[in-house]
$ cat structure_23.cif   # mmCIF, C-alpha atoms
data_work
loop_
_atom_site.label_atom_id
_atom_site.label_comp_id
_atom_site.auth_asym_id
_atom_site.auth_seq_id
_atom_site.Cartn_x
_atom_site.Cartn_y
_atom_site.Cartn_z
CA MET A 10 -8.55 -11.76 -24.13
CA ALA A 11 -11.87 -11.19 -22.43
CA LEU A 12 -12.05 -10.19 -18.80
CA LEU A 13 -15.36 -10.74 -17.09
CA GLY A 14 -16.68 -9.58 -13.75
CA PRO A 15 -18.11 -6.46 -12.11
CA GLY A 16 -15.77 -3.53 -12.46
CA SER A 17 -13.68 -5.08 -15.22
CA VAL A 18 -14.00 -5.35 -18.97
CA ALA A 19 -17.10 -7.50 -19.23
CA ALA A 20 -19.85 -8.23 -16.74
CA GLY A 21 -23.24 -9.84 -16.35
CA GLY A 22 -26.25 -8.05 -15.00
CA ALA A 23 -29.54 -6.41 -15.78
CA ALA A 24 -29.89 -4.63 -19.10
CA HIS A 25 -29.79 -1.12 -17.64
CA ASP A 26 -26.69 -2.03 -15.63
CA LEU A 27 -25.01 -3.34 -18.76
CA GLN A 28 -25.77 -0.11 -20.60
CA ARG A 29 -24.28 1.88 -17.74
CA GLN A 30 -21.17 -0.31 -17.73
CA GLN A 31 -20.83 0.06 -21.50
CA ARG A 32 -20.85 3.85 -21.13
CA ALA A 33 -18.26 3.61 -18.33
CA LEU A 34 -16.02 1.41 -20.43
CA ALA A 35 -16.25 3.72 -23.43
CA PRO A 36 -16.67 7.32 -22.24
CA GLY A 37 -17.49 9.77 -24.98
CA GLY A 38 -18.76 7.00 -27.23
CA ARG A 39 -15.28 5.67 -28.01
CA ASP A 40 -14.97 2.12 -29.29
CA VAL A 41 -13.66 -0.42 -26.78
CA ASP A 42 -12.78 -4.08 -27.21
CA ALA A 43 -15.11 -5.38 -24.54
CA GLU A 44 -17.93 -7.87 -24.23
CA LEU A 45 -20.83 -7.44 -21.86
CA ILE A 46 -22.77 -10.59 -20.96
CA ASP A 47 -26.49 -10.27 -20.30
CA PRO A 48 -27.56 -13.62 -18.77
CA SER A 49 -31.23 -12.90 -19.55
CA SER A 50 -30.56 -13.26 -23.28
CA ASP A 51 -27.07 -14.69 -23.82
CA PRO A 52 -27.16 -17.96 -25.82
CA ARG A 53 -24.48 -19.45 -23.54
CA TYR A 54 -26.77 -19.37 -20.52
CA ASP A 55 -27.93 -23.00 -20.80
CA ARG A 56 -24.37 -24.25 -21.29
CA TYR A 57 -23.20 -22.26 -18.26
CA TRP A 58 -25.87 -23.32 -15.80
CA GLY A 59 -25.57 -26.90 -16.99
CA ALA A 60 -21.81 -26.90 -16.42
CA TYR A 61 -22.26 -25.37 -12.97
CA HIS A 62 -24.92 -27.89 -12.00
CA GLU A 63 -22.67 -30.75 -13.09
CA LEU A 64 -19.88 -29.38 -10.90
CA MET A 65 -22.05 -28.78 -7.85
CA GLU A 66 -24.92 -31.30 -7.96
CA ARG A 67 -23.32 -33.46 -5.25
CA ARG A 68 -22.85 -30.40 -3.06
CA GLY A 69 -26.52 -29.59 -2.73
CA VAL A 70 -26.99 -27.41 -5.82
CA THR A 71 -30.20 -28.35 -7.64
CA GLU A 72 -31.02 -27.46 -11.25
CA PRO A 73 -33.29 -24.52 -10.27
CA THR A 74 -30.59 -23.21 -7.92
CA ALA A 75 -27.95 -23.48 -10.64
CA ARG A 76 -30.22 -21.63 -13.07
CA ASN A 77 -30.88 -18.84 -10.57
CA LEU A 78 -27.25 -18.44 -9.55
CA VAL A 79 -25.96 -18.29 -13.11
CA ARG A 80 -28.70 -15.78 -13.90
CA SER A 81 -27.81 -13.51 -10.97
CA SER A 82 -24.10 -13.76 -10.14
CA PRO A 83 -21.64 -11.93 -12.43
CA THR A 84 -18.73 -13.54 -10.60
CA LEU A 85 -20.09 -17.03 -11.19
CA ILE A 86 -20.65 -16.19 -14.87
CA ALA A 87 -17.06 -14.95 -15.10
CA ALA A 88 -15.66 -18.07 -13.45
CA LEU A 89 -17.65 -20.30 -15.80
CA ALA A 90 -16.52 -18.25 -18.81
CA VAL A 91 -12.91 -18.86 -17.83
CA ARG A 92 -13.45 -22.55 -17.09
CA LEU A 93 -15.27 -23.12 -20.38
CA GLY A 94 -12.73 -21.26 -22.48
CA ASP A 95 -14.78 -18.16 -23.31
CA ALA A 96 -12.38 -15.94 -21.35
CA ASP A 97 -8.72 -16.14 -20.42
CA ALA A 98 -8.93 -14.52 -16.98
CA MET A 99 -11.35 -12.88 -14.60
CA ILE A 100 -11.46 -9.99 -12.18
CA ALA A 101 -14.22 -9.74 -9.57
CA GLY A 102 -14.93 -8.38 -6.12
CA THR A 103 -15.36 -4.63 -6.53
CA TYR A 104 -18.53 -4.88 -4.45
CA GLY A 105 -19.92 -7.37 -1.95
CA ARG A 106 -18.09 -9.80 0.32
CA PHE A 107 -14.71 -11.24 -0.62
CA ARG A 108 -15.72 -14.71 0.60
CA THR A 109 -18.78 -14.84 -1.67
CA HIS A 110 -16.72 -14.06 -4.77
CA PHE A 111 -13.88 -16.32 -3.64
CA ALA A 112 -16.25 -19.28 -3.17
CA HIS A 113 -17.20 -19.15 -6.86
CA VAL A 114 -13.55 -19.06 -7.93
CA ARG A 115 -12.73 -21.97 -5.63
CA ASP A 116 -15.72 -24.07 -6.74
CA VAL A 117 -15.56 -23.42 -10.49
CA ILE A 118 -11.90 -22.71 -11.34
CA GLY A 119 -10.23 -24.61 -8.50
CA THR A 120 -6.54 -25.04 -7.77
CA ARG A 121 -3.85 -25.84 -10.27
CA GLU A 122 -2.19 -29.25 -10.32
CA GLY A 123 0.02 -29.90 -7.30
CA VAL A 124 -1.51 -27.08 -5.23
CA HIS A 125 -3.62 -27.97 -2.21
CA ARG A 126 -5.00 -24.58 -1.27
CA MET A 127 -5.26 -21.02 -2.54
CA ALA A 128 -3.91 -17.95 -0.77
CA ALA A 129 -3.93 -14.18 -1.17
CA LEU A 130 -0.86 -12.00 -1.68
CA SER A 131 -0.94 -8.22 -1.35
CA LEU A 132 1.75 -5.78 -2.45
CA VAL A 133 2.28 -2.31 -0.98
CA VAL A 134 4.58 -0.05 -3.00
CA MET A 135 6.04 2.66 -0.75
CA PRO A 136 8.47 5.50 -1.40
CA THR A 137 11.41 3.60 0.09
CA ARG A 138 10.52 -0.07 -0.44
CA SER A 139 7.98 -2.54 -1.77
CA LEU A 140 6.57 -5.18 0.54
CA PHE A 141 4.56 -8.31 -0.27
CA ILE A 142 2.32 -9.63 2.54
CA ALA A 143 0.54 -13.01 2.79
CA ASP A 144 -1.98 -14.42 3.47
CA THR A 145 -4.20 -11.35 3.57
CA TYR A 146 -7.62 -12.81 2.68
CA VAL A 147 -7.97 -16.59 2.39
CA ASN A 148 -6.58 -18.87 5.15
CA ASP A 149 -7.80 -17.92 8.63
CA ASP A 150 -5.35 -19.79 10.85
CA PRO A 151 -2.93 -21.75 8.67
CA ASP A 152 -0.95 -24.60 10.21
CA ALA A 153 2.77 -25.04 9.53
CA GLU A 154 2.24 -27.11 6.37
CA THR A 155 -0.16 -24.55 4.98
CA LEU A 156 2.28 -21.76 5.78
CA VAL A 157 4.93 -23.59 3.78
CA ASP A 158 2.58 -23.85 0.79
CA ILE A 159 1.65 -20.17 1.08
CA THR A 160 5.29 -19.13 1.30
CA LEU A 161 6.39 -21.13 -1.74
CA GLN A 162 3.51 -19.85 -3.85
CA ALA A 163 4.12 -16.27 -2.72
CA ALA A 164 7.86 -16.50 -3.38
CA ASP A 165 7.13 -17.77 -6.89
CA ALA A 166 4.79 -14.81 -7.47
CA VAL A 167 7.46 -12.36 -6.28
CA LEU A 168 9.93 -13.93 -8.71
CA ARG A 169 7.46 -13.32 -11.56
CA PHE A 170 7.68 -9.62 -10.72
CA GLY A 171 11.39 -9.87 -11.45
CA ILE A 172 12.26 -9.56 -7.75
CA GLN A 173 14.39 -12.04 -5.82
CA PRO A 174 12.26 -13.04 -2.80
CA LYS A 175 13.70 -12.41 0.65
CA VAL A 176 11.27 -13.96 3.06
CA ALA A 177 10.56 -13.43 6.73
CA LEU A 178 8.00 -15.42 8.71
CA ILE A 179 6.91 -12.90 11.31
CA SER A 180 5.53 -13.35 14.80
CA HIS A 181 5.30 -11.78 18.25
CA SER A 182 8.20 -14.13 18.98
CA SER A 183 11.77 -13.63 17.80
CA PHE A 184 13.90 -16.72 17.14
CA GLY A 185 12.47 -18.82 19.94
CA SER A 186 11.67 -16.14 22.52
CA SER A 187 8.13 -17.50 22.97
CA ASP A 188 6.66 -20.99 23.29
CA HIS A 189 3.20 -19.87 22.21
CA PRO A 190 1.65 -22.26 19.66
CA SER A 191 1.46 -19.45 17.08
CA ALA A 192 5.20 -18.83 17.40
CA ARG A 193 6.05 -22.54 17.33
CA LYS A 194 4.11 -23.14 14.11
CA MET A 195 6.05 -20.31 12.44
CA ALA A 196 9.34 -21.83 13.57
CA ALA A 197 8.22 -25.25 12.34
CA ALA A 198 7.28 -23.77 8.96
CA VAL A 199 10.74 -22.18 8.62
CA LYS A 200 12.40 -25.52 9.31
CA MET A 201 10.28 -27.24 6.67
CA LEU A 202 10.95 -24.46 4.16
CA GLN A 203 14.70 -24.74 4.63
CA GLN A 204 14.41 -28.46 3.86
CA ARG A 205 12.01 -28.16 0.90
CA ALA A 206 13.51 -25.03 -0.68
CA PRO A 207 17.14 -24.75 0.49
CA ALA A 208 17.91 -22.07 -2.11
CA LEU A 209 15.17 -19.76 -0.82
CA GLU A 210 16.42 -16.92 1.40
CA VAL A 211 14.00 -17.32 4.30
CA ASP A 212 14.15 -17.14 8.08
CA GLY A 213 12.04 -16.68 11.19
CA GLU A 214 10.20 -16.61 13.31
CA MET A 215 10.98 -12.92 13.92
CA HIS A 216 9.48 -9.58 14.84
CA GLY A 217 8.23 -7.30 12.11
CA ASP A 218 10.95 -4.71 12.71
CA ALA A 219 13.65 -7.39 12.51
CA ALA A 220 12.20 -8.52 9.18
CA LEU A 221 12.68 -5.08 7.67
CA ASP A 222 15.85 -3.94 9.47
CA PRO A 223 18.94 -6.20 9.13
CA GLU A 224 20.69 -4.41 12.00
CA ILE A 225 17.90 -5.20 14.45
CA ARG A 226 17.84 -8.77 13.19
CA HIS A 227 21.63 -9.12 13.52
CA ASN A 228 21.52 -7.92 17.12
CA VAL A 229 18.94 -10.57 17.98
CA PHE A 230 20.22 -13.44 15.83
CA PRO A 231 23.53 -12.83 14.04
CA ARG A 232 23.44 -16.11 12.10
CA SER A 233 20.16 -15.47 10.33
CA ARG A 234 19.94 -16.85 6.78
CA LEU A 235 18.12 -13.67 5.79
CA LYS A 236 20.78 -11.02 5.14
CA ASP A 237 18.83 -8.14 3.60
CA PRO A 238 15.51 -6.45 4.40
CA ALA A 239 12.64 -8.81 3.74
CA ASN A 240 10.47 -8.02 0.72
CA LEU A 241 7.98 -10.82 1.48
CA VAL A 242 6.49 -11.32 4.94
CA ILE A 243 4.37 -14.32 5.88
CA CYS A 244 2.03 -13.75 8.81
CA PRO A 245 0.76 -16.34 11.31
CA SER A 246 -2.92 -15.67 10.60
CA LEU A 247 -5.30 -13.90 8.27
CA ASP A 248 -6.01 -11.39 11.05
CA ALA A 249 -2.34 -10.49 11.39
CA ALA A 250 -1.73 -10.23 7.64
CA ASN A 251 -4.86 -8.24 6.84
CA ILE A 252 -4.41 -5.81 9.73
CA ALA A 253 -0.72 -5.26 8.92
CA PHE A 254 -1.47 -4.70 5.25
CA ASN A 255 -4.32 -2.23 5.78
CA LEU A 256 -2.44 -0.24 8.43
CA LEU A 257 0.65 -0.06 6.26
CA LYS A 258 -1.02 0.98 3.00
CA ASN A 259 -2.85 3.83 4.73
CA ALA A 260 -0.07 4.95 7.08
CA VAL A 261 2.44 5.43 4.26
CA ASP A 262 -0.07 6.30 1.51
CA GLY A 263 1.30 3.34 -0.44
CA LEU A 264 0.15 2.01 -3.79
CA HIS A 265 -1.69 -1.26 -3.28
CA ILE A 266 -1.60 -4.07 -5.85
CA GLY A 267 -3.88 -7.00 -5.19
CA PRO A 268 -5.01 -9.07 -3.53
CA MET A 269 -3.50 -11.56 -5.94
CA LEU A 270 -5.01 -15.03 -5.69
CA LEU A 271 -2.31 -17.70 -5.61
CA GLY A 272 -2.76 -21.31 -6.67
CA THR A 273 -5.72 -20.97 -9.05
CA ALA A 274 -5.91 -23.31 -12.04
CA MET A 275 -6.51 -20.32 -14.34
CA PRO A 276 -5.98 -16.58 -13.84
CA ALA A 277 -8.64 -15.30 -11.44
CA HIS A 278 -8.48 -12.52 -8.87
CA VAL A 279 -10.94 -11.25 -6.29
CA LEU A 280 -10.42 -7.60 -5.42
CA THR A 281 -12.06 -5.63 -2.60
CA SER A 282 -14.59 -2.83 -2.48
CA SER A 283 -11.85 -0.29 -1.63
CA VAL A 284 -10.01 -0.90 -4.91
CA THR A 285 -9.38 2.15 -7.07
CA ALA A 286 -9.61 2.43 -10.85
CA ARG A 287 -5.81 2.33 -10.93
CA GLY A 288 -5.89 -0.83 -8.84
CA ILE A 289 -8.29 -2.51 -11.26
CA LEU A 290 -6.05 -1.50 -14.17
CA ASN A 291 -2.96 -2.92 -12.43
CA MET A 292 -4.68 -6.23 -11.69
CA THR A 293 -6.04 -6.42 -15.24
CA ALA A 294 -2.52 -6.02 -16.60
CA LEU A 295 -1.27 -8.71 -14.21
CA SER A 296 -4.04 -11.04 -15.33
CA VAL A 297 -3.12 -10.51 -18.98
CA VAL A 298 0.49 -11.45 -18.24
CA GLU A 299 -0.64 -14.54 -16.32
CA ALA A 300 -2.91 -15.64 -19.16
CA GLN A 301 -0.14 -15.17 -21.71
CA ARG A 302 2.29 -17.15 -19.56
CA LEU A 303 -0.25 -19.96 -19.17
CA ALA A 304 -0.94 -20.03 -22.88
CA GLY A 305 2.80 -20.19 -23.59
CA ALA A 306 3.24 -23.07 -21.16
CA ARG A 307 0.45 -24.99 -22.86
CA GLY A 308 2.03 -24.39 -26.26
#
$ encode --input "structure_23.cif" --output "C-alpha cells"
Amino acid sequence: MALLGPGSVAAGGAAHDLQRQQRALAPGGRDVDAELIDPSSDPRYDRYWGAYHELMERRGVTEPTARNLVRSSPTLIAALAVRLGDADAMIAGTYGRFRTHFAHVRDVIGTREGVHRMAALSLVVMPTRSLFIADTYVNDDPDAETLVDITLQAADAVLRFGIQPKVALISHSSFGSSDHPSARKMAAAVKMLQQRAPALEVDGEMHGDAALDPEIRHNVFPRSRLKDPANLVICPSLDAANIAFNLLKNAVDGLHIGPMLLGTAMPAHVLTSSVTARGILNMTALSVVEAQRLAGARG
C-alpha cells in the first residue's frame, strides 16, 4: 500500500522538500517502504494532469490550470494516485485549510455508490469513555435528511471499530422543549432514523448532558429508546460539532482520532494542522484497514 500526501508516507513537492521528507521518514538512514512523488520529473505527471482535466474541464478547469494544479498540489496528486490505482488510500491536511484539501478529495475521489454527501467523524478517547462526534468539518447546516445520512454513515463507522453505536441527536432542546427550527430538524431526523433503521439505538433531540447520563435522560423522558450513555453524538451544525469536539479534547486531555471522512468512494482522510505524529499514525492504520476491507469486498 502506498499512502500519499503531506505528512504521510509519500508526498509531492519540490526536490529539497522531498529530500527533507525522506530523511523524516527514515531517520538515521534506515530503509523505509515509501515512495516520494516529485511532480517535476515523475513520468506519471502527464497521465495525472490529463485525468484531472477530463474530470474538471466542464467546471472551468483549463489544460494550463490542470497542469499547474497537478504540479503544485500534493493533495491533488494523492487523490489522483488513489483514483488511478497507484495508491490504495491517502492522508492529507497536515497544513493549510481543511476545505482546500477536502475539495480535491470531493472532486477527484467522490462519494461511494448510494451516498449523497460526505461527512466528518471525530473520536475523542478519554479516561472514562470514548465519544464519537459528527459532523465536525464538512456540512455547515445540515437539514434533517442530511442528518439522517450523517448518522447512518457514522453509526456504520462506529460498528467497524467493534463498538455497538448508541446514538444521541443533541440540541439546546430536550424532547420537544423548544420549537426553534434547529430543534425541530433534529426531532424530524430522529423520526426518520427510527423508520429507516429501526434496529439502531438512537433518540433525541436531547441536551448534551442527557446524552451522556442515562439518569438525567430518564428524569426528562423515561421512555427514551436510548438506554445507555451515548457513544455517538450528532450535532445540529458544523459549528456545534466542531466547538464541542475541540473543547472536549482539550478539557479532558483526550486522545483524538480523526477527522475520519465518511462516504468517500475510496479511503481518503483530511486531517488538520493540529494533528500529532501519533494522530497521523492512527489515521494511517485506519486507512490501511479500510483499504484492505475494500479490496476484500471487491474480491
$ atom_distance --input "structure_23.cif" --atom1 "CA of Val91 in chain A" --atom2 "CA of Arg67 in chain A"
21.9 Å
$ resolve_selection --input "structure_23.cif" --expression "the PyMOL selection byres ((chain A and resi 209-225) around 7)" --output "short mmCIF file (atom, residue, chain, number, x, y, z; two decimals) with C-alpha atoms, keeping the file's coordinate frame"
data_model
loop_
_atom_site.label_atom_id
_atom_site.label_comp_id
_atom_site.auth_asym_id
_atom_site.auth_seq_id
_atom_site.Cartn_x
_atom_site.Cartn_y
_atom_site.Cartn_z
CA LYS A 175 13.70 -12.41 0.65
CA VAL A 176 11.27 -13.96 3.06
CA ALA A 177 10.56 -13.43 6.73
CA LEU A 178 8.00 -15.42 8.71
CA ILE A 179 6.91 -12.90 11.31
CA SER A 180 5.53 -13.35 14.80
CA HIS A 181 5.30 -11.78 18.25
CA SER A 182 8.20 -14.13 18.98
CA SER A 183 11.77 -13.63 17.80
CA PHE A 184 13.90 -16.72 17.14
CA ALA A 192 5.20 -18.83 17.40
CA MET A 195 6.05 -20.31 12.44
CA ALA A 196 9.34 -21.83 13.57
CA VAL A 199 10.74 -22.18 8.62
CA ALA A 206 13.51 -25.03 -0.68
CA PRO A 207 17.14 -24.75 0.49
CA ALA A 208 17.91 -22.07 -2.11
CA ARG A 226 17.84 -8.77 13.19
CA HIS A 227 21.63 -9.12 13.52
CA ASN A 228 21.52 -7.92 17.12
CA VAL A 229 18.94 -10.57 17.98
CA SER A 233 20.16 -15.47 10.33
CA ARG A 234 19.94 -16.85 6.78
CA LEU A 235 18.12 -13.67 5.79
CA LYS A 236 20.78 -11.02 5.14
CA ASP A 237 18.83 -8.14 3.60
CA PRO A 238 15.51 -6.45 4.40
CA ALA A 239 12.64 -8.81 3.74
#
$ atom_distance --input "structure_23.cif" --atom1 "CA of Tyr146 in chain A" --atom2 "CA of Ala250 in chain A"
8.1 Å
$ closest_residue --input "structure_23.cif" --among "A:Leu280, A:Val70, A:Leu295, A:Ala98" --to "Ala166 in chain A" --atoms "only C-alpha atoms"
A:Leu295
$ resolve_selection --input "structure_23.cif" --expression "the PyMOL selection byres ((chain A and resi 115-119) around 8)" --output "VMD selection string"
chain A and resid 61 64 to 65 85 88 to 89 91 to 92 111 to 114 120 to 121 273 to 275
$ atom_distance --input "structure_23.cif" --atom1 "CA of Asp158 in chain A" --atom2 "CA of Val298 in chain A"
22.8 Å
$ residues_around --input "structure_23.cif" --residues "Ile172 in chain A" --least-positions-apart "2" --cutoff "12 Å" --atoms "all atoms listed in the file" --output "ChimeraX atom specification"
/A:139-141,163-170,174-176,239-241
$ closest_residue --input "structure_23.cif" --among "A:Arg106, A:Arg68, A:Arg76, A:Arg193" --to "Pro245 in chain A" --atoms "all atoms listed in the file"
A:Arg193
$ resolve_selection --input "structure_23.cif" --expression "the PyMOL selection byres ((chain A and resi 297) around 10)" --output "ChimeraX atom specification"
/A:10-12,97-99,276,292-296,298-303
$ axis_aligned_box --input "structure_23.cif" --around "range 100-107 of chain A" --padding-each-side "8 Å" --output "lines of an AutoDock Vina configuration file"
center_x = -15.7
center_y = -7.9
center_z = -5.9
size_x = 24.5
size_y = 22.6
size_z = 28.5
$ closest_residue --input "structure_23.cif" --among "A:Val261, A:Asp51, A:Val284, A:Pro268" --to "Pro136 in chain A" --atoms "all atoms listed in the file"
A:Val261
$ closest_residue --input "structure_23.cif" --among "A:Ala306, A:Met269, A:Val147, A:Ala253" --to "Ile100 in chain A" --atoms "all atoms listed in the file"
A:Met269
$ closest_residue --input "structure_23.cif" --among "A:Ala260, A:Val124, A:Val242, A:Leu247" --to "Asp150 in chain A" --atoms "only C-alpha atoms"
A:Leu247
$ closest_residue --input "structure_23.cif" --among "A:Pro151, A:Pro231, A:Gly105, A:Gly305" --to "Asp248 in chain A" --atoms "all atoms listed in the file"
A:Pro151
$ residues_around --input "structure_23.cif" --residues "Met135 in chain A" --least-positions-apart "3" --cutoff "10 Å" --atoms "only C-alpha atoms" --output "list in words"
Leu132, Arg138, Ser139, Leu140, Leu257, Lys258, Val261, Asp262, Gly263, Leu264 and His265 of chain A
